[in-house]
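**Student:** Just so it is clear, I am handing over query-v4.pdb, which has PDB, C-alpha atoms.
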ATOM      1  CA  MET A   1       1.311  29.276  -4.818
ATOM      2  CA  LEU A   2       3.534  26.511  -3.454
ATOM      3  CA  VAL A   3       0.616  25.148  -1.458
ATOM      4  CA  LYS A   4      -1.522  24.896  -4.580
ATOM      5  CA  LEU A   5       1.324  23.258  -6.490
ATOM      6  CA  TRP A   6       1.864  20.741  -3.679
ATOM      7  CA  GLY A   7      -1.858  20.022  -3.575
ATOM      8  CA  ALA A   8      -1.909  19.408  -7.332
ATOM      9  CA  LEU A   9       1.059  17.039  -7.092
ATOM     10  CA  ARG A  10      -0.749  15.050  -4.415
ATOM     11  CA  SER A  11      -3.776  14.641  -6.675
ATOM     12  CA  LYS A  12      -4.236  11.095  -8.007
ATOM     13  CA  PHE A  13      -5.170  12.490 -11.409
ATOM     14  CA  VAL A  14      -1.885  14.387 -11.677
ATOM     15  CA  ARG A  15       0.104  11.391 -10.450
ATOM     16  CA  ASP A  16      -1.622   9.123 -12.958
ATOM     17  CA  ALA A  17      -1.011  11.584 -15.787
ATOM     18  CA  ALA A  18       2.657  11.924 -14.838
ATOM     19  CA  THR A  19       3.046   8.142 -14.661
ATOM     20  CA  LEU A  20       1.554   7.659 -18.114
ATOM     21  CA  GLN A  21       3.685  10.444 -19.571
ATOM     22  CA  ALA A  22       6.835   8.885 -18.142
ATOM     23  CA  ALA A  23       5.863   5.447 -19.450
ATOM     24  CA  SER A  24       5.070   6.928 -22.864
ATOM     25  CA  LEU A  25       8.457   8.639 -22.966
ATOM     26  CA  ILE A  26      10.228   5.354 -22.219
ATOM     27  CA  SER A  27       8.194   3.594 -24.914
ATOM     28  CA  GLN A  28       9.136   6.281 -27.434
ATOM     29  CA  VAL A  29      12.807   5.779 -26.571
ATOM     30  CA  PHE A  30      12.489   2.049 -27.302
ATOM     31  CA  GLN A  31      10.774   2.841 -30.608
ATOM     32  CA  VAL A  32      13.553   5.220 -31.636
ATOM     33  CA  PHE A  33      16.193   2.647 -30.727
ATOM     34  CA  THR A  34      14.315  -0.023 -32.695
ATOM     35  CA  THR A  35      14.094   2.182 -35.781
ATOM     36  CA  ALA A  36      17.765   3.164 -35.565
ATOM     37  CA  ALA A  37      18.907  -0.428 -35.026
ATOM     38  CA  LEU A  38      16.879  -1.723 -37.980
ATOM     39  CA  ALA A  39      18.216   1.022 -40.223
ATOM     40  CA  LEU A  40      21.748   0.028 -39.250
ATOM     41  CA  ILE A  41      21.212  -3.740 -39.578
ATOM     42  CA  LEU A  42      18.868  -3.953 -42.576
ATOM     43  CA  GLY A  43      19.810  -0.887 -44.561
ATOM     44  CA  ALA A  44      17.340   1.332 -46.391
ATOM     45  CA  LYS A  45      15.839  -1.408 -48.563
ATOM     46  CA  GLY A  46      15.359  -3.923 -45.749
ATOM     47  CA  GLN A  47      13.833  -1.364 -43.438
ATOM     48  CA  GLY A  48      11.534  -0.208 -46.248
ATOM     49  CA  LEU A  49      10.245  -3.759 -46.732
ATOM     50  CA  TYR A  50       9.737  -4.100 -42.988
ATOM     51  CA  VAL A  51       7.739  -0.855 -42.779
ATOM     52  CA  SER A  52       5.727  -1.770 -45.891
ATOM     53  CA  ALA A  53       4.680  -5.099 -44.362
ATOM     54  CA  ILE A  54       3.580  -3.388 -41.145
ATOM     55  CA  ALA A  55       1.625  -0.796 -43.154
ATOM     56  CA  LEU A  56      -0.210  -3.529 -45.068
ATOM     57  CA  GLN A  57      -1.103  -5.357 -41.862
ATOM     58  CA  ALA A  58      -2.345  -2.106 -40.330
ATOM     59  CA  LEU A  59      -4.655  -1.628 -43.317
ATOM     60  CA  VAL A  60      -6.511  -4.853 -42.534
ATOM     61  CA  PHE A  61      -6.396  -4.257 -38.780
ATOM     62  CA  PHE A  62      -8.019  -0.830 -38.931
ATOM     63  CA  LEU A  63     -10.715  -2.020 -41.330
ATOM     64  CA  VAL A  64     -12.118  -4.267 -38.592
ATOM     65  CA  ASN A  65     -11.030  -2.347 -35.486
ATOM     66  CA  VAL A  66     -14.292  -1.119 -33.979
ATOM     67  CA  GLY A  67     -13.017   0.587 -30.831
ATOM     68  CA  VAL A  68     -14.051  -2.181 -28.435
ATOM     69  CA  LEU A  69     -11.046  -1.517 -26.189
ATOM     70  CA  GLN A  70     -12.032   2.094 -25.521
ATOM     71  CA  ALA A  71     -15.638   1.151 -24.825
ATOM     72  CA  THR A  72     -14.549  -1.620 -22.461
ATOM     73  CA  VAL A  73     -12.244   0.678 -20.507
ATOM     74  CA  SER A  74     -15.047   3.183 -19.943
ATOM     75  CA  GLN A  75     -17.450   0.452 -18.817
ATOM     76  CA  VAL A  76     -14.882  -1.132 -16.501
ATOM     77  CA  ALA A  77     -14.160   2.284 -14.992
ATOM     78  CA  ALA A  78     -17.866   2.894 -14.415
ATOM     79  CA  ALA A  79     -18.307  -0.526 -12.796
ATOM     80  CA  ALA A  80     -15.158  -0.125 -10.681
ATOM     81  CA  SER A  81     -16.408   3.218  -9.343
ATOM     82  CA  ARG A  82     -19.413   1.325  -7.967
ATOM     83  CA  ASP A  83     -17.282  -1.605  -6.716
ATOM     84  CA  ASN A  84     -19.155  -3.889  -9.087
ATOM     85  CA  GLU A  85     -16.545  -6.571  -9.718
ATOM     86  CA  TYR A  86     -19.036  -8.843 -11.464
ATOM     87  CA  LYS A  87     -19.793  -6.271 -14.166
ATOM     88  CA  SER A  88     -16.107  -5.385 -14.543
ATOM     89  CA  SER A  89     -15.263  -9.051 -15.056
ATOM     90  CA  GLY A  90     -18.063  -9.374 -17.589
ATOM     91  CA  TRP A  91     -16.739  -6.509 -19.677
ATOM     92  CA  ILE A  92     -13.184  -7.865 -19.535
ATOM     93  CA  ALA A  93     -14.469 -11.255 -20.718
ATOM     94  CA  PHE A  94     -16.405  -9.530 -23.506
ATOM     95  CA  LEU A  95     -13.232  -7.742 -24.606
ATOM     96  CA  ALA A  96     -11.233 -10.977 -24.657
ATOM     97  CA  LYS A  97     -13.847 -12.773 -26.760
ATOM     98  CA  THR A  98     -14.242  -9.859 -29.161
ATOM     99  CA  VAL A  99     -10.503  -9.427 -29.711
ATOM    100  CA  ALA A 100     -10.175 -13.182 -30.271
ATOM    101  CA  VAL A 101     -12.962 -13.205 -32.871
ATOM    102  CA  PHE A 102     -11.647 -10.156 -34.697
ATOM    103  CA  GLY A 103      -8.128 -11.578 -34.516
ATOM    104  CA  VAL A 104      -9.265 -14.700 -36.346
ATOM    105  CA  ILE A 105     -11.162 -12.576 -38.903
ATOM    106  CA  ILE A 106      -8.073 -10.441 -39.547
ATOM    107  CA  PHE A 107      -5.910 -13.528 -39.948
ATOM    108  CA  VAL A 108      -8.291 -15.111 -42.459
ATOM    109  CA  ILE A 109      -8.810 -11.895 -44.440
ATOM    110  CA  GLY A 110      -5.055 -11.314 -44.494
ATOM    111  CA  TRP A 111      -4.400 -14.718 -46.020
ATOM    112  CA  PHE A 112      -6.628 -13.978 -49.002
ATOM    113  CA  VAL A 113      -5.984 -10.266 -49.454
ATOM    114  CA  LEU A 114      -2.508  -9.213 -48.343
ATOM    115  CA  PRO A 115      -0.274 -11.290 -50.671
ATOM    116  CA  TRP A 116      -2.334 -10.018 -53.612
ATOM    117  CA  ILE A 117      -2.022  -6.402 -52.427
ATOM    118  CA  GLY A 118       1.712  -6.854 -51.895
ATOM    119  CA  GLU A 119       2.132  -8.079 -55.445
ATOM    120  CA  PHE A 120      -0.133  -5.389 -56.912
ATOM    121  CA  VAL A 121       1.244  -2.401 -54.970
ATOM    122  CA  TYR A 122       4.855  -3.334 -54.235
ATOM    123  CA  LYS A 123       5.436  -5.856 -57.047
ATOM    124  CA  ASP A 124       6.561  -8.219 -54.304
ATOM    125  CA  ARG A 125       4.240 -10.945 -53.033
ATOM    126  CA  SER A 126       6.552 -11.674 -50.107
ATOM    127  CA  VAL A 127       5.758  -8.277 -48.546
ATOM    128  CA  GLY A 128       2.083  -9.228 -48.484
ATOM    129  CA  LEU A 129       2.969 -12.627 -47.030
ATOM    130  CA  TRP A 130       4.988 -10.978 -44.253
ATOM    131  CA  ALA A 131       2.040  -8.673 -43.579
ATOM    132  CA  TRP A 132      -0.153 -11.761 -43.220
ATOM    133  CA  TRP A 133       2.264 -13.184 -40.650
ATOM    134  CA  LEU A 134       1.815  -9.962 -38.704
ATOM    135  CA  CYS A 135      -1.946 -10.497 -38.723
ATOM    136  CA  ALA A 136      -1.379 -13.018 -35.918
ATOM    137  CA  MET A 137      -0.469 -10.115 -33.628
ATOM    138  CA  PRO A 138      -3.980  -9.383 -32.266
ATOM    139  CA  LEU A 139      -4.243 -12.982 -31.065
ATOM    140  CA  ILE A 140      -0.732 -12.965 -29.587
ATOM    141  CA  GLU A 141      -1.362  -9.593 -27.932
ATOM    142  CA  LEU A 142      -4.687 -10.691 -26.423
ATOM    143  CA  PRO A 143      -3.380 -11.106 -22.836
ATOM    144  CA  LYS A 144      -1.716  -7.676 -22.964
ATOM    145  CA  VAL A 145      -4.835  -5.996 -24.337
ATOM    146  CA  VAL A 146      -7.012  -7.522 -21.623
ATOM    147  CA  ALA A 147      -4.559  -6.601 -18.858
ATOM    148  CA  SER A 148      -4.211  -3.045 -20.208
ATOM    149  CA  ALA A 149      -7.983  -2.557 -20.218
ATOM    150  CA  ALA A 150      -8.247  -3.854 -16.655
ATOM    151  CA  PHE A 151      -5.414  -1.640 -15.405
ATOM    152  CA  GLN A 152      -6.682   1.459 -17.196
ATOM    153  CA  GLY A 153     -10.293   0.922 -16.191
ATOM    154  CA  THR A 154      -9.372   0.506 -12.531
ATOM    155  CA  ARG A 155      -6.868   3.400 -12.699
ATOM    156  CA  ARG A 156      -3.835   1.274 -11.906
ATOM    157  CA  MET A 157      -1.606   3.453 -14.023
ATOM    158  CA  VAL A 158       1.722   2.346 -12.559
ATOM    159  CA  ALA A 159       0.964  -1.261 -13.500
ATOM    160  CA  LEU A 160      -0.224  -0.115 -16.949
ATOM    161  CA  GLY A 161       2.973   1.837 -17.536
ATOM    162  CA  GLN A 162       5.138  -1.062 -16.386
ATOM    163  CA  LEU A 163       3.274  -3.442 -18.694
ATOM    164  CA  ASP A 164       3.699  -1.152 -21.709
ATOM    165  CA  ASN A 165       7.391  -0.573 -21.026
ATOM    166  CA  ALA A 166       8.122  -4.270 -20.509
ATOM    167  CA  TYR A 167       6.280  -5.024 -23.743
ATOM    168  CA  ASP A 168       8.229  -2.403 -25.703
ATOM    169  CA  PHE A 169      11.529  -3.642 -24.289
ATOM    170  CA  CYS A 170      10.729  -7.225 -25.313
ATOM    171  CA  ARG A 171       9.693  -6.033 -28.758
ATOM    172  CA  PHE A 172      12.935  -4.077 -29.173
ATOM    173  CA  PHE A 173      15.015  -7.060 -28.079
ATOM    174  CA  LEU A 174      13.213  -9.596 -30.296
ATOM    175  CA  VAL A 175      13.094  -7.411 -33.399
ATOM    176  CA  VAL A 176      16.787  -6.528 -33.217
ATOM    177  CA  CYS A 177      17.814 -10.123 -32.484
ATOM    178  CA  GLY A 178      15.673 -11.409 -35.351
ATOM    179  CA  ALA A 179      17.191  -8.912 -37.765
ATOM    180  CA  LEU A 180      20.725  -9.777 -36.614
ATOM    181  CA  VAL A 181      20.181 -13.525 -36.990
ATOM    182  CA  THR A 182      18.679 -13.422 -40.495
ATOM    183  CA  GLY A 183      20.206 -10.201 -41.773
ATOM    184  CA  ASP A 184      16.963  -9.179 -43.470
ATOM    185  CA  ALA A 185      13.408  -8.024 -42.777
ATOM    186  CA  VAL A 186      12.096 -11.574 -42.357
ATOM    187  CA  GLY A 187      13.808 -12.006 -38.999
ATOM    188  CA  ALA A 188      12.459  -8.738 -37.629
ATOM    189  CA  ILE A 189       8.923  -9.514 -38.803
ATOM    190  CA  VAL A 190       8.863 -13.055 -37.446
ATOM    191  CA  GLU A 191      10.136 -11.871 -34.073
ATOM    192  CA  VAL A 192       7.462  -9.157 -33.971
ATOM    193  CA  ARG A 193       4.834 -11.797 -34.659
ATOM    194  CA  GLU A 194       6.144 -14.200 -32.021
ATOM    195  CA  GLY A 195       6.914 -11.611 -29.389
ATOM    196  CA  GLY A 196       3.911  -9.408 -30.036
ATOM    197  CA  ALA A 197       3.972  -5.783 -31.186
ATOM    198  CA  THR A 198       2.098  -2.483 -30.749
ATOM    199  CA  GLN A 199       0.187  -1.012 -33.627
ATOM    200  CA  ARG A 200       1.155   2.557 -33.647
TER     201      ARG A 200
END
With the file now loaded, output its structure as structure tokens.
**Tutor:**
Amino acid sequence: MLVKLWGALRSKFVRDAATLQAASLISQVFQVFTTAALALILGAKGQGLYVSAIALQALVFFLVNVGVLQATVSQVAAAASRDNEYKSSGWIAFLAKTVAVFGVIIFVIGWFVLPWIGEFVYKDRSVGLWAWWLCAMPLIELPKVVASAAFQGTRRMVALGQLDNAYDFCRFFLVVCGALVTGDAVGAIVEVREGGATQR
């Protein structure tokens, strides 16, 4: 029994899974701290506006999100298994170009649509405007998305976990600092946009 357990622990698959689980746990801790800090700093109303703006931005993002990241990861993994660096590089370049194009599309659509939705749904045009600011996130996050696809496709899970955790720490720091400086949701939203943020 112990021999089988030791053999499983030495498996790369098990090590990779454990690494990702640990990284995910750390990311969840940062998310909880961010939520708690914003509730304390902004109060119920400020945090509600913050969440509403993120929800509006997510609406536009998911309308044009076509799952290119997942497809790229699978193709990079297939190419890496054959040591085909040329094909891996081609897929990474394709991902970067696609995310850039869709990022611009989201930003343009957001400018025309989100302030109107904010005024219609929330009776507050500023919420829609904040959501439009957040539409810059796919372009800001482009380097992280490309690096994540490369790490995941080549099964470099430790590097992937470190990247995600560093990103979540920076997001936590910038969001909390922005909220403290301005005392309202605007600071948190602007810092998310400038520092980058994960759509969850």
**Student:** Find, counting all atoms listed in the file, the residue in A:Ile54, A:Val186, A:Ile140, A:Ala17 that gets nearest to Gln152 (chain A).
**Tutor:**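 Checking each candidate against Gln152 (chain A), we get A:Ala17 as the closest.
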**Student:** I need the residue set behind the PyMOL selection byres ((chain A and resi 104-108) around 7) for this file; please write it as a list of chain:residue names.
**Tutor:**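 Checked against the file, the PyMOL selection byres ((chain A and resi 104-108) around 7) matches A:Val60, A:Phe61, A:Ala100, A:Val101, A:Phe102, A:Gly103, A:Ile109, A:Gly110, A:Trp111, A:Phe112, A:Trp132, A:Cys135, A:Ala136.
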**Student:** So, counting only C-alpha atoms, which residue among A:Asp184, A:Ile189, A:Ala23, A:Asp16 is closest to Ala39 (chain A)?
**Tutor:**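 Answer, going by the shortest atom-to-atom distance: A:Asp184.
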**Student:** From the options A:Trp130, A:Tyr86, A:Trp91, A:Phe172, which residue's atoms come nearest to Gly153 (chain A), counting all atoms listed in the file?
**Tutor:**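 The answer is A:Trp91, which sits nearest to Gly153 (chain A).
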**Student:** With distances taken over only C-alpha atoms, which of A:Gly43, A:Gly178, A:Pro115, A:Gly161 is nearest to Leu25 (chain A)?
**Tutor:**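 Selected residue with least distance to Leu25 (chain A): A:Gly161.
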**Student:** Between A:Val51, A:Ala150, A:Leu163, A:Ala131, which one has atoms that come closest to Ser89 (chain A), using only C-alpha atoms?
**Tutor:**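 Counting only C-alpha atoms, the residue closest to Ser89 (chain A) is A:Ala150.
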**Student:** One decimal, Å: what's the distance from CA of Phe151 (chain A) over to CA of Phe62 (chain A), could you say?
**Tutor:**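 Answer for the CA of Phe151 (chain A) to CA of Phe62 (chain A) separation: 23.7 Å.
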**Student:** Could you work out how far CA of Asn165 (chain A) lies from CA of Ser27 (chain A), giving the answer in Å with one decimal?
**Tutor:** 5.8 Å
**Student:** Give as a PDB file with C-alpha atoms, keeping the file's coordinate frame the residues that the PyMOL selection byres ((chain A and resi 74-84) around 12) matches when applied to the coordinates above.
**Tutor:**
ATOM      1  CA  GLY A  67     -13.017   0.587 -30.831  1.00  0.00           C
ATOM      2  CA  VAL A  68     -14.051  -2.181 -28.435  1.00  0.00           C
ATOM      3  CA  LEU A  69     -11.046  -1.517 -26.189  1.00  0.00           C
ATOM      4  CA  GLN A  70     -12.032   2.094 -25.521  1.00  0.00           C
ATOM      5  CA  ALA A  71     -15.638   1.151 -24.825  1.00  0.00           C
ATOM      6  CA  THR A  72     -14.549  -1.620 -22.461  1.00  0.00           C
ATOM      7  CA  VAL A  73     -12.244   0.678 -20.507  1.00  0.00           C
ATOM      8  CA  GLU A  85     -16.545  -6.571  -9.718  1.00  0.00           C
ATOM      9  CA  TYR A  86     -19.036  -8.843 -11.464  1.00  0.00           C
ATOM     10  CA  LYS A  87     -19.793  -6.271 -14.166  1.00  0.00           C
ATOM     11  CA  SER A  88     -16.107  -5.385 -14.543  1.00  0.00           C
ATOM     12  CA  SER A  89     -15.263  -9.051 -15.056  1.00  0.00           C
ATOM     13  CA  GLY A  90     -18.063  -9.374 -17.589  1.00  0.00           C
ATOM     14  CA  TRP A  91     -16.739  -6.509 -19.677  1.00  0.00           C
ATOM     15  CA  ILE A  92     -13.184  -7.865 -19.535  1.00  0.00           C
ATOM     16  CA  ALA A  93     -14.469 -11.255 -20.718  1.00  0.00           C
ATOM     17  CA  PHE A  94     -16.405  -9.530 -23.506  1.00  0.00           C
ATOM     18  CA  LEU A  95     -13.232  -7.742 -24.606  1.00  0.00           C
ATOM     19  CA  VAL A 146      -7.012  -7.522 -21.623  1.00  0.00           C
ATOM     20  CA  ALA A 147      -4.559  -6.601 -18.858  1.00  0.00           C
ATOM     21  CA  SER A 148      -4.211  -3.045 -20.208  1.00  0.00           C
ATOM     22  CA  ALA A 149      -7.983  -2.557 -20.218  1.00  0.00           C
ATOM     23  CA  ALA A 150      -8.247  -3.854 -16.655  1.00  0.00           C
ATOM     24  CA  PHE A 151      -5.414  -1.640 -15.405  1.00  0.00           C
ATOM     25  CA  GLN A 152      -6.682   1.459 -17.196  1.00  0.00           C
ATOM     26  CA  GLY A 153     -10.293   0.922 -16.191  1.00  0.00           C
ATOM     27  CA  THR A 154      -9.372   0.506 -12.531  1.00  0.00           C
ATOM     28  CA  ARG A 155      -6.868   3.400 -12.699  1.00  0.00           C
ATOM     29  CA  ARG A 156      -3.835   1.274 -11.906  1.00  0.00           C
TER      30      ARG A 156
END
**Student:** Grab the CA of Val176 (chain A) to CA of Asp164 (chain A) distance for me, in Å with one decimal place.
**Tutor:** 18.2 Å
**Student:** Quick one: of A:Trp116, A:Phe33, A:Trp133, A:Tyr167, who's nearest to Val145 (chain A), counting all atoms listed in the file?
**Tutor:**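 Closest residue, counting all atoms listed in the file: A:Tyr167.
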**Student:** Draw an axis-aligned box over all listed atoms of region 40-43 of chain A, pad each side with 4 Å, and write its centre and edge lengths in Å, one decimal, as AutoDock Vina command-line options.
**Tutor:**
--center_x 20.3 --center_y -2.0 --center_z -41.9 --size_x 10.9 --size_y 12.0 --size_z 13.3
